[in-house]
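K.L.:
Shown below is the structure under consideration.
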Amino acid sequence: MHGKLSLAALALISAVSGATAQEVVSGAAKVVDADIVMVEKQRVILWAVDAPERPQKCFVGDLLWDCYGAARQALGELIASGEASCTLTPGEPDKFNRRYGVCISAGKDIGAELVRLGMARAFVEQGDDYLAEEEEAKAAAIGVFQPGAKIDAPWEFRKTDPRNYR
């Protein structure tokens, strides 16, 4: 009887932990876009983060500013170690084989850091995970929140651009 009970308990524990297990990809990381990384062979869009798009025009005062390039460079600096671990959100990849996820590199949440640096916005359509970091960037007046910045939120820019980014 004791053996049967232990097997049943083990089966229950396995079923419960399997249901809540999250998919994680870890390993070599590189920048794909201003808010997308490649970890091993999986492209990961940073969850609840939205950085400027490549064709997006940003201005500081009357000067054109490469906000996309600045965001992409900041992301590269955040994964300078070349390693990352991303916990993927449930669901299938999109048509470009990308998944959403929260990625950690050198012990830091790179999405949170990108927003804290003012190089991306908190994407509240997905979640309010990084609103506090966005408030920090606004208070520090850095990145897309610097004085004189004229920058559409990336989600607003996508509404005016015919390409399908997300």
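Quick note on naming: the chains in the structure tokens go A, B, ... in the order shown, residues restart at 1 in each chain, and ligands are numbered from 1 in order of appearance.
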Using DSSP on the backbone coordinates, identify the residues of chain A assigned to strand (DSSP E); present them as a ChimeraX atom specification.
P.N.:
/A:24-33,36-39,42-46,49-50,58-60,63-65,83-88,98-105,108-109,121-122,149-150
K.L.:
CA of Ala51 (chain A) to CA of Ala80 (chain A): how many Å, to one decimal?
P.N.:
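That distance, rounded to one decimal, is 18.5 Å.
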K.L.:
Tell me which of A:Glu23, A:Glu125, A:Glu83, A:Asp94 sits closest to Pro154 (chain A), counting only C-alpha atoms.
P.N.:
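The shortest atom-to-atom distance to Pro154 (chain A) comes from A:Glu125.
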K.L.:
Ranking A:Val124, A:Ala29, A:Pro55, A:Val39 by minimum distance to Leu78 (chain A) and counting only C-alpha atoms, which one comes first?
P.N.:
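Of A:Val124, A:Ala29, A:Pro55, A:Val39, the one nearest Leu78 (chain A), counting only C-alpha atoms, is A:Ala29.
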